[in-house]
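Undergrad: I'm passing along target-v5.txt; it holds compact mmCIF, C-alpha atoms.
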```txt
# COMPACT_ATOMS: atom_id res chain seq x y z
CA MET A 1 45.50 21.97 -27.42
CA GLY A 2 44.86 20.03 -30.61
CA LYS A 3 43.30 16.65 -30.87
CA SER A 4 45.70 13.74 -30.67
CA HIS A 5 45.86 11.36 -33.63
CA ASP A 6 47.62 8.68 -31.59
CA PHE A 7 44.69 7.40 -29.55
CA PRO A 8 42.49 4.64 -31.01
CA PHE A 9 39.46 6.14 -29.25
CA GLY A 10 37.80 9.47 -28.51
CA ILE A 11 36.13 11.39 -25.71
CA MET A 12 32.71 9.87 -26.45
CA ASP A 13 34.13 6.37 -26.05
CA VAL A 14 35.31 7.44 -22.59
CA ALA A 15 31.91 8.97 -21.86
CA GLU A 16 30.28 5.65 -22.75
CA LEU A 17 32.62 3.69 -20.51
CA LEU A 18 31.86 6.03 -17.63
CA HIS A 19 28.12 5.86 -18.32
CA LEU A 20 27.92 9.66 -18.40
CA ARG A 21 24.46 11.08 -18.91
CA ILE A 22 24.57 13.04 -22.18
CA ARG A 23 22.20 15.99 -21.93
CA ARG A 24 22.41 17.84 -25.26
CA PRO A 25 24.77 18.68 -28.14
CA ASN A 26 26.86 21.84 -28.30
CA ALA A 27 29.03 23.51 -30.95
CA THR A 28 32.02 21.21 -30.36
CA GLY A 29 30.45 18.06 -28.95
CA TYR A 30 28.06 17.43 -26.08
CA TYR A 31 27.08 18.55 -22.60
CA ALA A 32 26.97 15.85 -19.92
CA ASP A 33 26.54 15.54 -16.18
CA CYS A 34 29.81 15.88 -14.31
CA PRO A 35 31.05 12.72 -12.53
CA ILE A 36 33.68 14.75 -10.66
CA CYS A 37 31.45 17.16 -8.73
CA GLY A 38 28.19 15.26 -9.21
CA ASP A 39 26.31 18.19 -10.73
CA LYS A 40 23.34 16.87 -12.72
CA ARG A 41 22.50 19.85 -14.93
CA GLY A 42 24.70 18.97 -17.88
CA LYS A 43 27.43 21.49 -17.10
CA MET A 44 30.34 19.35 -18.33
CA SER A 45 31.36 20.08 -21.91
CA LEU A 46 32.79 17.17 -23.90
CA SER A 47 34.75 18.36 -26.94
CA THR A 48 34.84 15.82 -29.76
CA LYS A 49 37.22 18.15 -31.63
CA LEU A 50 39.85 18.24 -28.88
CA ASP A 51 38.96 15.05 -26.98
CA SER A 52 38.85 17.14 -23.82
CA TRP A 53 36.39 18.03 -21.08
CA ARG A 54 35.59 20.90 -18.80
CA CYS A 55 32.94 21.26 -16.11
CA ASN A 56 31.57 24.79 -16.13
CA TYR A 57 30.30 24.30 -12.59
CA CYS A 58 33.30 22.98 -10.65
CA GLY A 59 35.97 24.17 -13.09
CA GLU A 60 37.72 20.82 -13.40
CA HIS A 61 39.05 20.07 -16.87
CA GLY A 62 41.56 18.02 -18.85
CA GLY A 63 42.03 15.38 -21.52
CA MET A 64 39.97 12.23 -21.91
CA LEU A 65 42.49 10.04 -20.08
CA SER A 66 42.41 12.31 -17.05
CA LEU A 67 38.60 12.16 -16.96
CA TYR A 68 38.61 8.36 -16.74
CA ALA A 69 41.56 8.43 -14.34
CA ARG A 70 39.90 10.95 -12.01
CA VAL A 71 36.67 8.97 -11.79
CA TYR A 72 38.45 5.71 -10.91
CA ASN A 73 41.34 7.28 -8.99
CA ILE A 74 44.00 5.70 -11.18
CA SER A 75 46.91 6.99 -13.27
CA ASN A 76 46.56 8.15 -16.88
CA SER A 77 48.59 5.17 -18.06
CA GLU A 78 46.27 2.79 -16.21
CA ALA A 79 43.31 4.61 -17.70
CA TYR A 80 44.73 4.18 -21.20
CA ARG A 81 45.17 0.42 -20.71
CA GLU A 82 41.66 -0.06 -19.31
CA ILE A 83 40.01 1.98 -22.07
CA CYS A 84 41.92 0.11 -24.78
CA GLU A 85 40.95 -3.24 -23.29
CA ALA A 86 37.27 -2.34 -23.23
CA LEU A 87 37.32 -1.03 -26.79
CA GLN A 88 39.18 -4.10 -28.04
CA ASN A 89 36.33 -6.16 -26.65
CA GLY A 90 34.09 -4.24 -29.01
CA GLU A 91 31.26 -3.43 -26.64
CA PHE A 92 31.70 0.29 -26.22
CA ALA A 93 33.21 1.77 -29.40
CA PRO A 94 30.75 4.11 -31.14
CA ASP A 95 30.34 3.69 -34.87
CA TYR A 96 31.50 7.21 -35.58
CA TYR A 97 35.05 6.44 -34.41
CA ALA A 98 35.41 3.08 -36.13
CA GLY A 99 38.00 3.12 -38.89
CA ALA A 100 38.89 6.78 -38.49
CA SER A 101 41.56 8.62 -36.54
CA GLU A 102 39.59 11.84 -36.38
CA LYS A 103 36.02 12.99 -36.92
CA LYS A 104 34.72 16.51 -37.02
CA SER A 105 31.97 17.42 -34.60
CA GLU A 106 29.42 17.72 -37.40
CA ASP A 107 30.08 14.04 -38.26
CA VAL A 108 29.05 12.82 -34.81
CA ALA A 109 26.11 10.42 -35.02
CA GLU A 110 22.74 12.00 -34.34
CA GLN A 111 21.36 11.02 -30.96
CA SER A 112 17.77 10.46 -29.88
CA PRO A 113 16.20 12.24 -26.91
CA LEU A 114 15.41 9.93 -24.01
CA ALA A 115 11.89 8.51 -24.31
CA ASP A 116 9.33 8.97 -21.54
CA VAL A 117 9.28 6.57 -18.60
CA ARG A 118 6.23 4.58 -19.69
CA THR A 119 7.57 4.06 -23.20
CA ILE A 120 10.89 2.82 -21.81
CA HIS A 121 9.09 0.51 -19.39
CA GLN A 122 6.82 -0.92 -22.08
CA THR A 123 9.69 -1.61 -24.49
CA PHE A 124 11.96 -3.14 -21.87
CA THR A 125 9.11 -5.25 -20.46
CA MET A 126 8.36 -6.62 -23.91
CA LEU A 127 12.07 -7.21 -24.59
CA LEU A 128 12.45 -9.19 -21.37
CA SER A 129 9.38 -11.26 -22.28
CA LEU A 130 11.19 -12.39 -25.42
CA LEU A 131 14.26 -13.54 -23.48
CA THR A 132 14.98 -16.44 -21.14
CA LEU A 133 17.22 -17.00 -18.13
CA SER A 134 19.89 -19.62 -18.73
CA LYS A 135 20.38 -22.54 -16.36
CA LYS A 136 23.84 -21.22 -15.51
CA HIS A 137 22.53 -17.80 -14.55
CA ARG A 138 19.59 -19.22 -12.60
CA GLU A 139 21.95 -21.49 -10.70
CA HIS A 140 24.20 -18.54 -9.82
CA LEU A 141 21.28 -16.50 -8.53
CA ARG A 142 19.98 -19.43 -6.52
CA THR A 143 23.14 -20.93 -5.02
CA VAL A 144 25.54 -17.97 -4.87
CA ARG A 145 23.08 -15.12 -4.26
CA GLY A 146 20.58 -17.05 -2.15
CA LEU A 147 17.44 -16.19 -4.13
CA THR A 148 14.58 -18.65 -4.47
CA GLU A 149 13.13 -19.68 -7.81
CA GLN A 150 10.03 -17.58 -7.12
CA GLN A 151 12.09 -14.52 -6.20
CA ILE A 152 14.19 -14.84 -9.35
CA ASP A 153 11.06 -14.90 -11.47
CA GLU A 154 9.50 -11.98 -9.58
CA LEU A 155 12.59 -9.84 -10.18
CA GLY A 156 12.42 -10.53 -13.91
CA TYR A 157 16.09 -11.33 -14.50
CA LYS A 158 16.97 -12.65 -17.96
CA SER A 159 20.13 -13.66 -19.84
CA THR A 160 21.45 -11.42 -22.59
CA PRO A 161 20.71 -12.77 -26.09
CA PRO A 162 23.39 -13.68 -28.66
CA PHE A 163 24.50 -10.75 -30.81
CA TYR A 164 23.14 -12.28 -34.01
CA LEU A 165 19.56 -12.00 -32.70
CA CYS A 166 19.78 -8.24 -32.02
CA ARG A 167 18.14 -7.04 -35.24
CA LYS A 168 15.51 -9.79 -35.10
CA LEU A 169 14.59 -8.80 -31.54
CA ALA A 170 14.25 -5.16 -32.56
CA GLY A 171 11.98 -6.20 -35.44
CA GLN A 172 9.80 -8.29 -33.14
CA LEU A 173 9.40 -5.35 -30.76
CA LEU A 174 8.39 -3.06 -33.60
CA GLU A 175 5.82 -5.62 -34.77
CA LYS A 176 4.35 -5.65 -31.27
CA GLY A 177 3.93 -1.87 -31.36
CA CYS A 178 6.87 -0.93 -29.17
CA THR A 179 8.79 2.32 -29.57
CA LEU A 180 12.55 1.86 -29.91
CA GLN A 181 13.71 5.42 -30.52
CA GLY A 182 14.85 7.00 -27.28
CA VAL A 183 15.05 3.69 -25.40
CA PRO A 184 18.60 3.02 -24.08
CA GLY A 185 20.38 0.22 -25.92
CA PHE A 186 18.49 0.65 -29.19
CA TYR A 187 19.98 2.38 -32.24
CA GLN A 188 19.96 2.29 -36.02
CA LYS A 189 22.45 0.41 -38.16
CA ASP A 190 22.25 0.33 -41.97
CA GLY A 191 18.78 1.85 -41.77
CA HIS A 192 17.43 -0.81 -39.40
CA TRP A 193 16.78 -0.71 -35.68
CA THR A 194 18.89 -3.04 -33.53
CA VAL A 195 19.89 -3.39 -29.89
CA LYS A 196 23.38 -3.30 -28.40
CA PHE A 197 24.21 -6.78 -27.17
CA TYR A 198 27.65 -8.32 -27.78
CA THR A 199 29.31 -11.63 -26.99
CA LYS A 200 31.85 -9.84 -24.79
CA THR A 201 29.08 -8.27 -22.72
CA ALA A 202 27.08 -11.45 -22.12
CA GLY A 203 25.56 -11.77 -18.68
CA ILE A 204 22.47 -11.34 -16.53
CA LEU A 205 20.05 -8.54 -17.38
CA ILE A 206 18.91 -6.71 -14.26
CA PRO A 207 15.78 -4.51 -14.53
CA VAL A 208 16.29 -1.18 -12.75
CA ARG A 209 12.94 0.05 -11.47
CA GLY A 210 11.72 3.32 -10.03
CA ILE A 211 9.60 3.74 -6.92
CA ASP A 212 6.55 3.30 -9.17
CA GLY A 213 7.75 -0.14 -10.27
CA LEU A 214 8.38 0.97 -13.86
CA ILE A 215 11.63 -0.12 -15.51
CA ARG A 216 13.98 2.84 -16.03
CA GLY A 217 16.92 0.92 -17.45
CA LEU A 218 18.67 -2.43 -17.76
CA GLN A 219 22.03 -3.26 -16.26
CA ILE A 220 24.16 -6.26 -17.26
CA ARG A 221 26.08 -8.32 -14.74
CA LEU A 222 28.92 -9.48 -16.96
CA ASP A 223 29.87 -13.15 -17.10
CA VAL A 224 33.47 -12.07 -17.70
CA PRO A 225 34.47 -8.79 -16.01
CA ILE A 226 36.24 -6.22 -18.16
CA LYS A 227 39.84 -6.31 -17.06
CA ASP A 228 43.25 -5.40 -18.44
CA GLU A 229 45.58 -8.38 -18.80
CA ASN A 230 48.34 -6.43 -17.05
CA ASP A 231 46.19 -5.63 -14.01
CA ASP A 232 46.91 -6.96 -10.56
CA PRO A 233 45.57 -10.55 -10.37
CA ASP A 234 43.53 -9.54 -7.31
CA LYS A 235 41.69 -6.83 -9.25
CA GLN A 236 38.26 -8.06 -10.31
CA GLY A 237 37.60 -5.62 -13.13
CA ALA A 238 34.29 -4.03 -14.08
CA LYS A 239 31.41 -6.44 -13.41
CA TYR A 240 28.44 -4.27 -14.33
CA ILE A 241 27.61 -2.12 -17.36
CA TRP A 242 24.47 -0.35 -18.56
CA LEU A 243 22.56 -1.35 -21.65
CA SER A 244 23.18 1.91 -23.50
CA SER A 245 23.45 3.09 -27.09
CA VAL A 246 24.98 6.51 -26.59
CA GLY A 247 27.15 7.48 -29.54
CA LYS A 248 25.39 5.08 -31.89
CA PRO A 249 23.17 6.51 -34.68
CA MET A 250 19.85 7.52 -33.06
CA GLY A 251 21.10 6.00 -29.82
CA VAL A 252 20.67 7.34 -26.31
CA SER A 253 22.43 7.14 -22.96
CA SER A 254 20.96 5.06 -20.17
CA GLY A 255 21.72 7.79 -17.68
CA SER A 256 22.12 6.43 -14.16
CA PRO A 257 18.64 5.84 -12.72
CA VAL A 258 18.08 4.91 -9.09
CA HIS A 259 16.63 1.48 -8.33
CA PHE A 260 13.93 0.81 -5.74
CA VAL A 261 12.63 -2.50 -4.43
CA GLY A 262 10.16 -3.06 -1.61
CA ASP A 263 7.41 -1.02 0.05
CA PRO A 264 7.43 2.60 -1.25
CA MET A 265 5.71 3.66 2.00
CA ALA A 266 8.17 2.00 4.39
CA ARG A 267 9.19 3.97 7.48
CA VAL A 268 12.82 2.92 7.00
CA VAL A 269 14.49 2.67 3.58
CA PHE A 270 17.98 1.23 3.17
CA VAL A 271 20.34 2.67 0.56
CA THR A 272 23.20 0.73 -0.98
CA GLU A 273 25.37 0.57 -4.09
CA GLY A 274 24.42 -2.06 -6.68
CA PHE A 275 21.05 -3.16 -8.01
CA LEU A 276 21.46 -6.93 -7.69
CA LYS A 277 22.78 -6.39 -4.17
CA ALA A 278 19.70 -4.38 -3.25
CA ASP A 279 17.35 -7.01 -4.66
CA VAL A 280 19.05 -9.81 -2.72
CA ALA A 281 19.21 -7.80 0.52
CA HIS A 282 15.54 -6.87 0.15
CA TYR A 283 14.49 -10.51 0.15
CA LEU A 284 16.92 -11.55 2.87
CA MET A 285 15.93 -8.72 5.23
CA ASN A 286 12.33 -8.07 4.14
CA ARG A 287 13.25 -4.38 3.95
CA SER A 288 12.82 -1.68 1.32
CA PHE A 289 15.99 -0.78 -0.58
CA ALA A 290 17.09 2.03 -2.86
CA ALA A 291 20.24 1.45 -4.89
CA ILE A 292 22.60 3.59 -6.93
CA ALA A 293 24.88 2.30 -9.68
CA GLY A 294 28.10 3.56 -8.08
CA ALA A 295 29.28 5.26 -4.92
CA ASN A 296 29.10 8.72 -6.50
CA ASN A 297 25.99 8.24 -8.66
CA THR A 298 23.84 10.08 -6.12
CA ALA A 299 22.42 12.79 -8.41
CA GLN A 300 18.94 11.27 -8.69
CA LEU A 301 18.54 10.37 -5.03
CA GLU A 302 17.04 13.75 -4.13
CA LEU A 303 13.89 13.15 -6.18
CA LEU A 304 13.50 9.66 -4.73
CA PHE A 305 14.03 10.85 -1.15
CA SER A 306 11.49 13.63 -1.68
CA LEU A 307 8.91 11.10 -2.86
CA LEU A 308 9.70 8.79 0.04
CA LYS A 309 9.28 11.67 2.48
CA GLN A 310 5.84 12.37 1.02
CA ASN A 311 4.99 8.67 1.39
CA GLY A 312 5.82 8.68 5.10
CA THR A 313 9.42 7.45 5.15
CA GLU A 314 11.27 8.77 8.20
CA ILE A 315 14.70 7.13 8.19
CA ILE A 316 17.34 6.57 5.52
CA MET A 317 19.59 3.70 6.57
CA GLU A 318 22.87 3.90 4.64
CA ALA A 319 24.13 0.38 3.85
CA ALA A 320 27.07 1.04 1.53
CA ASP A 321 29.86 -1.53 1.28
CA MET A 322 32.25 -1.71 4.21
CA ASP A 323 35.09 -0.28 2.14
CA LYS A 324 33.47 3.10 2.86
CA TYR A 325 35.88 3.24 5.80
CA ARG A 326 38.97 3.01 3.61
CA ASN A 327 37.91 4.08 0.10
CA GLU A 328 37.83 7.86 -0.29
CA GLN A 329 35.48 7.79 -3.29
CA VAL A 330 32.95 5.58 -1.51
CA ASP A 331 33.16 7.78 1.58
CA LYS A 332 32.42 10.87 -0.54
CA GLY A 333 29.37 9.17 -2.00
CA VAL A 334 28.16 8.20 1.47
CA SER A 335 28.54 11.82 2.59
CA GLN A 336 26.34 12.89 -0.32
CA ILE A 337 23.63 10.43 0.74
CA TYR A 338 23.66 12.01 4.20
CA LEU A 339 23.40 15.56 2.82
CA ILE A 340 20.55 14.65 0.47
CA ALA A 341 18.63 12.89 3.26
CA LYS A 342 19.09 15.93 5.51
CA LYS A 343 17.92 18.27 2.73
CA CYS A 344 14.76 16.19 2.29
CA GLY A 345 13.99 16.21 6.01
CA LEU A 346 14.82 12.56 6.60
CA SER A 347 16.76 11.09 9.51
CA TYR A 348 19.99 9.33 8.58
CA LYS A 349 21.62 6.30 10.15
CA ARG A 350 24.62 4.24 9.12
CA LEU A 351 24.49 0.45 9.07
CA THR A 352 27.70 -1.41 9.81
CA TRP A 353 28.50 -5.08 10.10
CA ASN A 354 31.32 -7.59 10.25
CA PRO A 355 33.93 -6.17 7.82
CA ASN A 356 34.79 -9.68 6.66
CA TYR A 357 31.65 -9.29 4.53
CA LYS A 358 31.94 -6.45 2.04
CA GLY A 359 28.28 -5.97 1.10
CA VAL A 360 25.07 -5.98 3.09
CA ASP A 361 23.87 -8.89 0.94
CA ASP A 362 26.99 -10.96 1.71
CA TRP A 363 26.55 -10.30 5.41
CA GLN A 364 22.86 -11.15 5.48
CA LEU A 365 23.33 -14.31 3.41
CA ALA A 366 26.05 -15.46 5.80
CA LEU A 367 23.71 -14.84 8.74
CA LYS A 368 20.96 -16.80 7.05
CA ARG A 369 23.24 -19.72 6.33
CA LYS A 370 24.51 -19.73 9.90
CA GLN A 371 20.88 -19.83 11.11
CA SER A 372 21.40 -16.65 13.11
CA GLY A 373 18.49 -14.81 14.67
CA LYS A 374 16.76 -11.91 12.95
CA ILE A 375 18.26 -8.49 13.63
CA ASN A 376 15.90 -5.66 14.57
CA TYR A 377 16.48 -2.01 13.83
```
Transcribe the structure of this file into structure tokens.

TA:
Amino acid sequence: MGKSHDFPFGIMDVAELLHLRIRRPNATGYYADCPICGDKRGKMSLSTKLDSWRCNYCGEHGGMLSLYARVYNISNSEAYREICEALQNGEFAPDYYAGASEKKSEDVAEQSPLADVRTIHQTFTMLLSLLTLSKKHREHLRTVRGLTEQQIDELGYKSTPPFYLCRKLAGQLLEKGCTLQGVPGFYQKDGHWTVKFYTKTAGILIPVRGIDGLIRGLQIRLDVPIKDENDDPDKQGAKYIWLSSVGKPMGVSSGSPVHFVGDPMARVVFVTEGFLKADVAHYLMNRSFAAIAGANNTAQLELLFSLLKQNGTEIIMEAADMDKYRNEQVDKGVSQIYLIAKKCGLSYKRLTWNPNYKGVDDWQLALKRKQSGKINY
């Protein structure tokens, strides 16, 4: 199978859209974690020569459209439209595909290895200190999400900066002694370090923290979801993306770290999908929450659960969205949470609520606003 010249994008563009964790280069492209089977050892081969993929663990394979389509359970034609829309917005297209119909594997931009946790935390902490939270975003977090001013400040949310400040911000961080190489979102352009913020990806920056409180990554809640103009009007589109620079010169993938908020020694820890959701639910319920980026991004939960077990946690309370009862992909992810909890010696319980409220945060906020009594578990 030869590489198609008809597509205005390549396999690494698709990998970026899917937030795949790129592990290492190979002779024809890169190895990445497989989003189909969930294996986290970098067994999926991404061929930049053929724009194809194959997981050497589960055996699944195909072209780049089928990879995107399989992950989101849509048709190849729908996948093509969604990918094109995202790339037209300009936020995902790697430099090494711009202006060219085909690139050889040896022309692929050199990537940086992921920096250590403390370096990433230091750089992101300093970056956030240089940013502000807009009145619009603060109002959304306060009135729509139900957070207090103090809680908003404690969580460290900020607004994304305008694109024209990207190089200046990178320069300021370097002057303050921060390391940019290996930190997701940072890359080199024209010999200078910069950071990957665009007008089309403006939104709220959400710090994603580990159980130790250190920032592992930054997610953006988009002001305008990424959506194809031909999509069903009821379809919301993608609302969250990672700050990542995979595919950019000296860039690096964000991976898909797990978020934790609350007491790391809690007897009961709730697990949900979505970082902002977990933060809000934590404050509404006064409970500890772990959060994954998507229903099937469970690969890094085992390490977290093992640490929680050592800390004295006994129960994992699954609090995934209520569409787990009708969405096959969400249900599969929930099943993985159960298996990982069992493997780590933790009890597992499932939290359910009024299905008129999709997320645990929606449900709890509605209870709060109705002045309902506190629920005990």

Undergrad: Which one of A:Asp279, A:Glu328, A:Glu318, A:Asp361 sits closest to Tyr157 (chain A) if you count all atoms listed in the file?

TA: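 Answer, going by the shortest atom-to-atom distance: A:Asp279.
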
Undergrad: Work out how far apart CA of Ala32 (chain A) and CA of Ala69 (chain A) are and give it in Å to one decimal.

TA: 17.3 Å

Undergrad: If we count all atoms listed in the file, what is near Arg145 (chain A) at a cut-off of 7 Å, once residues fewer than 4 positions away on the same chain are taken out, given as a PDB file with C-alpha atoms, in the coordinates of the input?

TA:
```pdb
ATOM      1  CA  HIS A 140      24.200 -18.540  -9.820  1.00  0.00           C
ATOM      2  CA  LEU A 141      21.280 -16.500  -8.530  1.00  0.00           C
ATOM      3  CA  VAL A 280      19.050  -9.810  -2.720  1.00  0.00           C
TER       4      VAL A 280
END
```

Undergrad: In Å, with one decimal, what is the gap from CA of Glu314 (chain A) to CA of Glu273 (chain A)?

TA: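 Atom-to-atom, CA of Glu314 (chain A) to CA of Glu273 (chain A), that is 20.4 Å.
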
Undergrad: Show me, as a PDB file with C-alpha atoms, in the coordinates of the input, the residues that have an atom within 10 Å of Gly156 (chain A) when counting all atoms listed in the file, minus same-chain residues fewer than 6 positions from it.

TA:
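The resulting file, around_28.pdb, is reproduced below:
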```pdb
ATOM      1  CA  THR A 125       9.110  -5.250 -20.460  1.00  0.00           C
ATOM      2  CA  LEU A 128      12.450  -9.190 -21.370  1.00  0.00           C
ATOM      3  CA  SER A 129       9.380 -11.260 -22.280  1.00  0.00           C
ATOM      4  CA  THR A 132      14.980 -16.440 -21.140  1.00  0.00           C
ATOM      5  CA  LEU A 133      17.220 -17.000 -18.130  1.00  0.00           C
ATOM      6  CA  LEU A 205      20.050  -8.540 -17.380  1.00  0.00           C
ATOM      7  CA  ILE A 206      18.910  -6.710 -14.260  1.00  0.00           C
ATOM      8  CA  PRO A 207      15.780  -4.510 -14.530  1.00  0.00           C
TER       9      PRO A 207
END
```

Undergrad: Within 10 Å of (20.6, 4.8, 7.9), all atoms listed in the file: residues as a PDB file with C-alpha atoms, in the coordinates of the input?

TA:
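Resulting contents of result35.pdb:
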```
ATOM      1  CA  VAL A 268      12.820   2.920   7.000  1.00  0.00           C
ATOM      2  CA  VAL A 269      14.490   2.670   3.580  1.00  0.00           C
ATOM      3  CA  PHE A 270      17.980   1.230   3.170  1.00  0.00           C
ATOM      4  CA  VAL A 271      20.340   2.670   0.560  1.00  0.00           C
ATOM      5  CA  ILE A 315      14.700   7.130   8.190  1.00  0.00           C
ATOM      6  CA  ILE A 316      17.340   6.570   5.520  1.00  0.00           C
ATOM      7  CA  MET A 317      19.590   3.700   6.570  1.00  0.00           C
ATOM      8  CA  GLU A 318      22.870   3.900   4.640  1.00  0.00           C
ATOM      9  CA  ALA A 319      24.130   0.380   3.850  1.00  0.00           C
ATOM     10  CA  ALA A 320      27.070   1.040   1.530  1.00  0.00           C
ATOM     11  CA  ILE A 337      23.630  10.430   0.740  1.00  0.00           C
ATOM     12  CA  TYR A 338      23.660  12.010   4.200  1.00  0.00           C
ATOM     13  CA  ALA A 341      18.630  12.890   3.260  1.00  0.00           C
ATOM     14  CA  LEU A 346      14.820  12.560   6.600  1.00  0.00           C
ATOM     15  CA  SER A 347      16.760  11.090   9.510  1.00  0.00           C
ATOM     16  CA  TYR A 348      19.990   9.330   8.580  1.00  0.00           C
ATOM     17  CA  LYS A 349      21.620   6.300  10.150  1.00  0.00           C
ATOM     18  CA  ARG A 350      24.620   4.240   9.120  1.00  0.00           C
ATOM     19  CA  LEU A 351      24.490   0.450   9.070  1.00  0.00           C
ATOM     20  CA  THR A 352      27.700  -1.410   9.810  1.00  0.00           C
ATOM     21  CA  TYR A 377      16.480  -2.010  13.830  1.00  0.00           C
TER      22      TYR A 377
END
```

Undergrad: Which polymer residues have any atom within 12 Å of an atom of Cys58 (chain A), counting only C-alpha atoms, with same-chain residues fewer than 2 positions away left out, as number ranges by chain?

TA: A: 33-40, 42-45, 53-56, 60-61

Undergrad: What separation in Å, quoted to one decimal, exists between CA of Asp13 (chain A) and CA of Tyr80 (chain A)?

TA: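 It comes out at 11.9 Å.
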
Undergrad: I'd like the contact shell of Tyr68 (chain A) - 9 Å cut-off, all atoms listed in the file, skipping same-chain residues fewer than 2 positions apart - returned as a list in words.

TA: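 What passes the distance filter is Val14, Ala15, Leu17, Leu18, Met64, Leu65, Ser66, Arg70, Val71, Tyr72, Asn73, Ile74, Asn76, Ala79, Tyr80 and Ile83 of chain A.
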
Undergrad: Which one of A:Leu284, A:Val330, A:Val360, A:Leu339 sits closest to Gln151 (chain A) if you count all atoms listed in the file?

TA: A:Leu284

Undergrad: Find the residue from A:Gln188, A:Thr123, A:Thr298, A:Thr272 that sits nearest to Lys176 (chain A); use all atoms listed in the file when measuring.

TA: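 Checking each candidate against Lys176 (chain A), we get A:Thr123 as the closest.
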
Undergrad: Could you give me, as JSON, numbers by chain, the residues within 9 Å of Ala115 (chain A), counting all atoms listed in the file and dropping anything in the same chain fewer than 3 positions from it?

TA: {"A": [112, 118, 119, 120, 179, 180, 181, 182, 183, 184]}

Undergrad: Would you fill the gaps in region 128-140 of chain A so it has N, CA, C and O atoms, then print it as an mmCIF file, keeping the file's coordinate frame?

TA:
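Output contents, as saved in rebuild-v6.cif:
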```cif
data_model
loop_
_atom_site.group_PDB
_atom_site.id
_atom_site.type_symbol
_atom_site.label_atom_id
_atom_site.label_comp_id
_atom_site.auth_asym_id
_atom_site.auth_seq_id
_atom_site.Cartn_x
_atom_site.Cartn_y
_atom_site.Cartn_z
ATOM 1 N N LEU A 128 12.170 -8.146 -22.353
ATOM 2 C CA LEU A 128 12.450 -9.190 -21.370
ATOM 3 C C LEU A 128 11.538 -10.397 -21.570
ATOM 4 O O LEU A 128 11.942 -11.537 -21.323
ATOM 5 N N SER A 129 10.315 -10.148 -22.045
ATOM 6 C CA SER A 129 9.380 -11.260 -22.280
ATOM 7 C C SER A 129 9.832 -12.150 -23.428
ATOM 8 O O SER A 129 9.425 -13.319 -23.515
ATOM 9 N N LEU A 130 10.680 -11.612 -24.291
ATOM 10 C CA LEU A 130 11.190 -12.390 -25.420
ATOM 11 C C LEU A 130 12.474 -13.156 -25.078
ATOM 12 O O LEU A 130 12.959 -13.944 -25.884
ATOM 13 N N LEU A 131 12.995 -12.920 -23.881
ATOM 14 C CA LEU A 131 14.260 -13.540 -23.480
ATOM 15 C C LEU A 131 14.026 -14.595 -22.405
ATOM 16 O O LEU A 131 12.961 -14.661 -21.798
ATOM 17 N N THR A 132 15.039 -15.400 -22.170
ATOM 18 C CA THR A 132 14.980 -16.440 -21.140
ATOM 19 C C THR A 132 16.159 -16.269 -20.186
ATOM 20 O O THR A 132 17.093 -15.498 -20.446
ATOM 21 N N LEU A 133 16.110 -16.972 -19.083
ATOM 22 C CA LEU A 133 17.220 -17.000 -18.130
ATOM 23 C C LEU A 133 17.895 -18.358 -18.230
ATOM 24 O O LEU A 133 17.244 -19.389 -18.043
ATOM 25 N N SER A 134 19.169 -18.363 -18.537
ATOM 26 C CA SER A 134 19.890 -19.620 -18.730
ATOM 27 C C SER A 134 19.999 -20.403 -17.419
ATOM 28 O O SER A 134 19.902 -19.841 -16.323
ATOM 29 N N LYS A 135 20.202 -21.700 -17.537
ATOM 30 C CA LYS A 135 20.380 -22.540 -16.360
ATOM 31 C C LYS A 135 21.577 -22.093 -15.534
ATOM 32 O O LYS A 135 21.526 -22.097 -14.300
ATOM 33 N N LYS A 136 22.632 -21.676 -16.216
ATOM 34 C CA LYS A 136 23.840 -21.220 -15.510
ATOM 35 C C LYS A 136 23.550 -19.982 -14.680
ATOM 36 O O LYS A 136 23.960 -19.891 -13.511
ATOM 37 N N HIS A 137 22.845 -19.041 -15.275
ATOM 38 C CA HIS A 137 22.530 -17.800 -14.550
ATOM 39 C C HIS A 137 21.539 -18.055 -13.419
ATOM 40 O O HIS A 137 21.662 -17.485 -12.328
ATOM 41 N N ARG A 138 20.555 -18.895 -13.662
ATOM 42 C CA ARG A 138 19.590 -19.220 -12.600
ATOM 43 C C ARG A 138 20.288 -19.912 -11.430
ATOM 44 O O ARG A 138 19.984 -19.630 -10.262
ATOM 45 N N GLU A 139 21.211 -20.787 -11.749
ATOM 46 C CA GLU A 139 21.950 -21.490 -10.700
ATOM 47 C C GLU A 139 22.791 -20.521 -9.874
ATOM 48 O O GLU A 139 22.871 -20.634 -8.645
ATOM 49 N N HIS A 140 23.414 -19.551 -10.537
ATOM 50 C CA HIS A 140 24.200 -18.540 -9.820
ATOM 51 C C HIS A 140 23.312 -17.744 -8.866
ATOM 52 O O HIS A 140 23.673 -17.537 -7.695
#
```
